[in-house]
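J.: I have a structure I would like to understand better, so I am pasting it below and will then ask my questions one at a time.
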There are 2 protein chains.
Amino acid sequence: MPHASLAAQPCPIARTLDLVGEWWTLLIVRDALLGARRFDDFKATGIADNVLSSRLKKLTTAGIFKRRRYQTHPDRYEYLLTDKGTALAPAVLALRAWGKRFTKGADTSQIIHKGCGGAVEVGFRCGQCDREIPKTEIRPARLSGAEA
Amino acid sequence: MPHASLAAQPCPIARTLDLVGEWWTLLIVRDALLGARRFDDFKATGIADNVLSSRLKKLTTAGIFKRRRYQTHPDRYEYLLTDKGTALAPAVLALRAWGKRFTKGADTSQIIHKGCGGAVEVGFRCGQCDREIPKTEIRPARLSGAEA
DNA sequence: TCAAGTGACTTGCGTGACGCAAGTGACCAT
DNA sequence: ATGGTCACTTGCGTCACGCAAGTCACTTGA
């Protein structure tokens, strides 16, 4: 039997978890928020190839990622978050805030306010300049290659 | 092979998902935030008995729930969120906000500001009186029995 | 008095999700 | 021509989960 589908539940939390609640899925979204684009970028987390492949397929179907060809002969694709995908950032940041408070360990997941360099926390309120930040004004703290 | 443990990862998001990222777990937390306390309350979501039993055990061990005996002969227990558990509310609310925006369906998951009756959204900012709300001032919109 | 119900579980079975390793196919560098 | 890169797929084994039934200590209704 597969996982019970939560898609039909009368609750937006359940329907969200139906799309992103599987093992590894939110970590893939996290990596994308931190700048990952290509298959090998995402693999670095420790996810198995076959699982990554199926997750990217599912997330693309769900409209959370879009697949873009960046090379031909052979065709190679990269995976970019859509608006729908970047809209998951508050959820990811809320999980991060909880983890920072209640678990011990290192932190390689910081996201920074483009305008001032302060760390972005839940609610997209910048810790440094203390103003609300539109989602177009956040960027990864750890850059991995060419970024806008 | 079991799920890979995310507990050792240098990322608070991974460590959080190690504790609450399994199938059904965040829905159990959601139900608790909405007032569920007893085994049968949580079962109503559609989770299987054995899975619910093991999740409650794990979450209790993790300090997210505490078990309280509410009856003897036979002993019966209820499961209450600790402070560590209620601190997951922003994450759950962020998932809810995303689901409301990007999925279609009913919504039985509203949480209300005790002070004014406004719906609580991400960041614990009350939509009605527009002030920040301490976590002691939220309560379920749907009450199921005696509540403080 | 005795069957039926309640509530919190556990146990057993079957399927499939996931971890791991290896294979593939088109290129490129040495 | 031998090895490396990259984005995958395939195969195998184990364990997680869905489902159904059983358990145990009561309580309730007839």
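Each chain in the structure tokens gets a letter, A, B and so on, in the order shown; residues start at 1 in every chain, and ligands are counted from 1 in the order they appear.
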May I have the residues of chain B within 10 Å of chain C, counting only C-alpha atoms (C1' of nucleotides), written as an MDAnalysis selection string?

T.: chainID B and resid 1:4 38:40 49:50 53 74:78

J.: Determine, counting only C-alpha atoms (C1' of nucleotides), which protein, DNA and RNA residues have an atom within 9 Å of an atom of Arg37 in chain B; residues of the same chain fewer than 3 positions away are not included. Present the result as a list in words.

T.: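 So the residues in contact are Asp31, Ala32, Asp40, Asp41, Phe42, Tyr77, Glu78, Tyr79, Leu80 and Leu81 of chain B.
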
J.: Tell me the residues of chain A close to chain B, meaning within 9 Å using only C-alpha atoms, as a PyMOL selection string.

T.: chain A and resi 3-4+7-17+21-24+26-27+30+45-47+84+87-109+122-124

J.: Which chain D residues are at most 6 Å from chain B (counting only C-alpha atoms (C1' of nucleotides)), as a ChimeraX atom specification?

T.: /D:14-15,25

J.: May I have all residues of range 4-104 of chain B that DSSP, computed from the backbone, assigns to alpha helix (DSSP H), given as a VMD selection string?

T.: chain B and resid 12 to 20 25 to 33 39 to 43 49 to 61 83 to 86 89 to 102

J.: Output C-alpha atoms for every residue in that selection, as a CSV table (one decimal), in the first residue's frame.

T.:
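Result file follows (again-v8.csv):
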chain,number,residue,atom,x,y,z
B,12,PRO,CA,18.6,22.9,11.8
B,13,ILE,CA,16.0,22.2,9.1
B,14,ALA,CA,17.3,18.7,8.6
B,15,ARG,CA,17.4,18.1,12.4
B,16,THR,CA,13.9,19.3,12.8
B,17,LEU,CA,12.7,17.1,10.0
B,18,ASP,CA,14.5,14.2,11.6
B,19,LEU,CA,12.0,14.6,14.5
B,20,VAL,CA,8.8,15.7,12.8
B,25,THR,CA,3.8,13.5,12.4
B,26,LEU,CA,3.1,17.2,11.6
B,27,LEU,CA,-0.6,16.3,11.3
B,28,ILE,CA,-0.5,14.9,14.8
B,29,VAL,CA,1.0,18.2,16.0
B,30,ARG,CA,-1.6,20.1,14.0
B,31,ASP,CA,-4.4,18.2,15.7
B,32,ALA,CA,-2.9,18.8,19.1
B,33,LEU,CA,-2.7,22.5,18.3
B,39,PHE,CA,-5.7,8.6,21.2
B,40,ASP,CA,-9.1,8.5,19.5
B,41,ASP,CA,-8.9,12.3,18.9
B,42,PHE,CA,-5.8,11.8,16.8
B,43,LYS,CA,-7.1,8.7,15.2
B,49,ASP,CA,-3.4,2.8,15.1
B,50,ASN,CA,0.1,1.3,15.1
B,51,VAL,CA,1.6,4.3,13.3
B,52,LEU,CA,-0.2,6.7,15.7
B,53,SER,CA,1.1,4.7,18.7
B,54,SER,CA,4.7,4.8,17.5
B,55,ARG,CA,4.5,8.5,16.6
B,56,LEU,CA,3.2,9.5,20.0
B,57,LYS,CA,5.9,7.4,21.6
B,58,LYS,CA,8.6,9.1,19.5
B,59,LEU,CA,7.2,12.6,20.0
B,60,THR,CA,7.0,12.0,23.7
B,61,THR,CA,10.6,10.8,23.8
B,83,ASP,CA,6.4,24.3,25.1
B,84,LYS,CA,8.8,22.7,22.6
B,85,GLY,CA,5.8,21.3,20.9
B,86,THR,CA,3.7,24.4,20.7
B,89,ALA,CA,3.0,26.3,15.5
B,90,PRO,CA,4.7,28.8,13.3
B,91,ALA,CA,5.9,26.0,11.0
B,92,VAL,CA,2.5,24.5,10.9
B,93,LEU,CA,0.9,27.8,10.2
B,94,ALA,CA,3.4,28.5,7.4
B,95,LEU,CA,2.5,25.2,5.8
B,96,ARG,CA,-1.2,26.1,6.2
B,97,ALA,CA,-0.7,29.5,4.6
B,98,TRP,CA,1.0,27.9,1.6
B,99,GLY,CA,-1.8,25.3,1.3
B,100,LYS,CA,-4.5,27.9,1.4
B,101,ARG,CA,-2.8,29.8,-1.3
B,102,PHE,CA,-1.8,27.0,-3.6

J.: Which value, in Å to one decimal, gives the distance between CA of Ser5 in chain B and CA of Leu34 in chain A?

T.: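 It comes out at 21.3 Å.
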
J.: Please report, as an MDAnalysis selection string, each residue of range 6-83 of chain A to which DSSP assigns strand (DSSP E or B) when run on this structure's backbone.

T.: chainID A and resid 65:71 76:81

J.: State, in Å with one decimal place, the distance from CA of Gly35 in chain A to CA of Arg69 in chain A.

T.: 17.1 Å
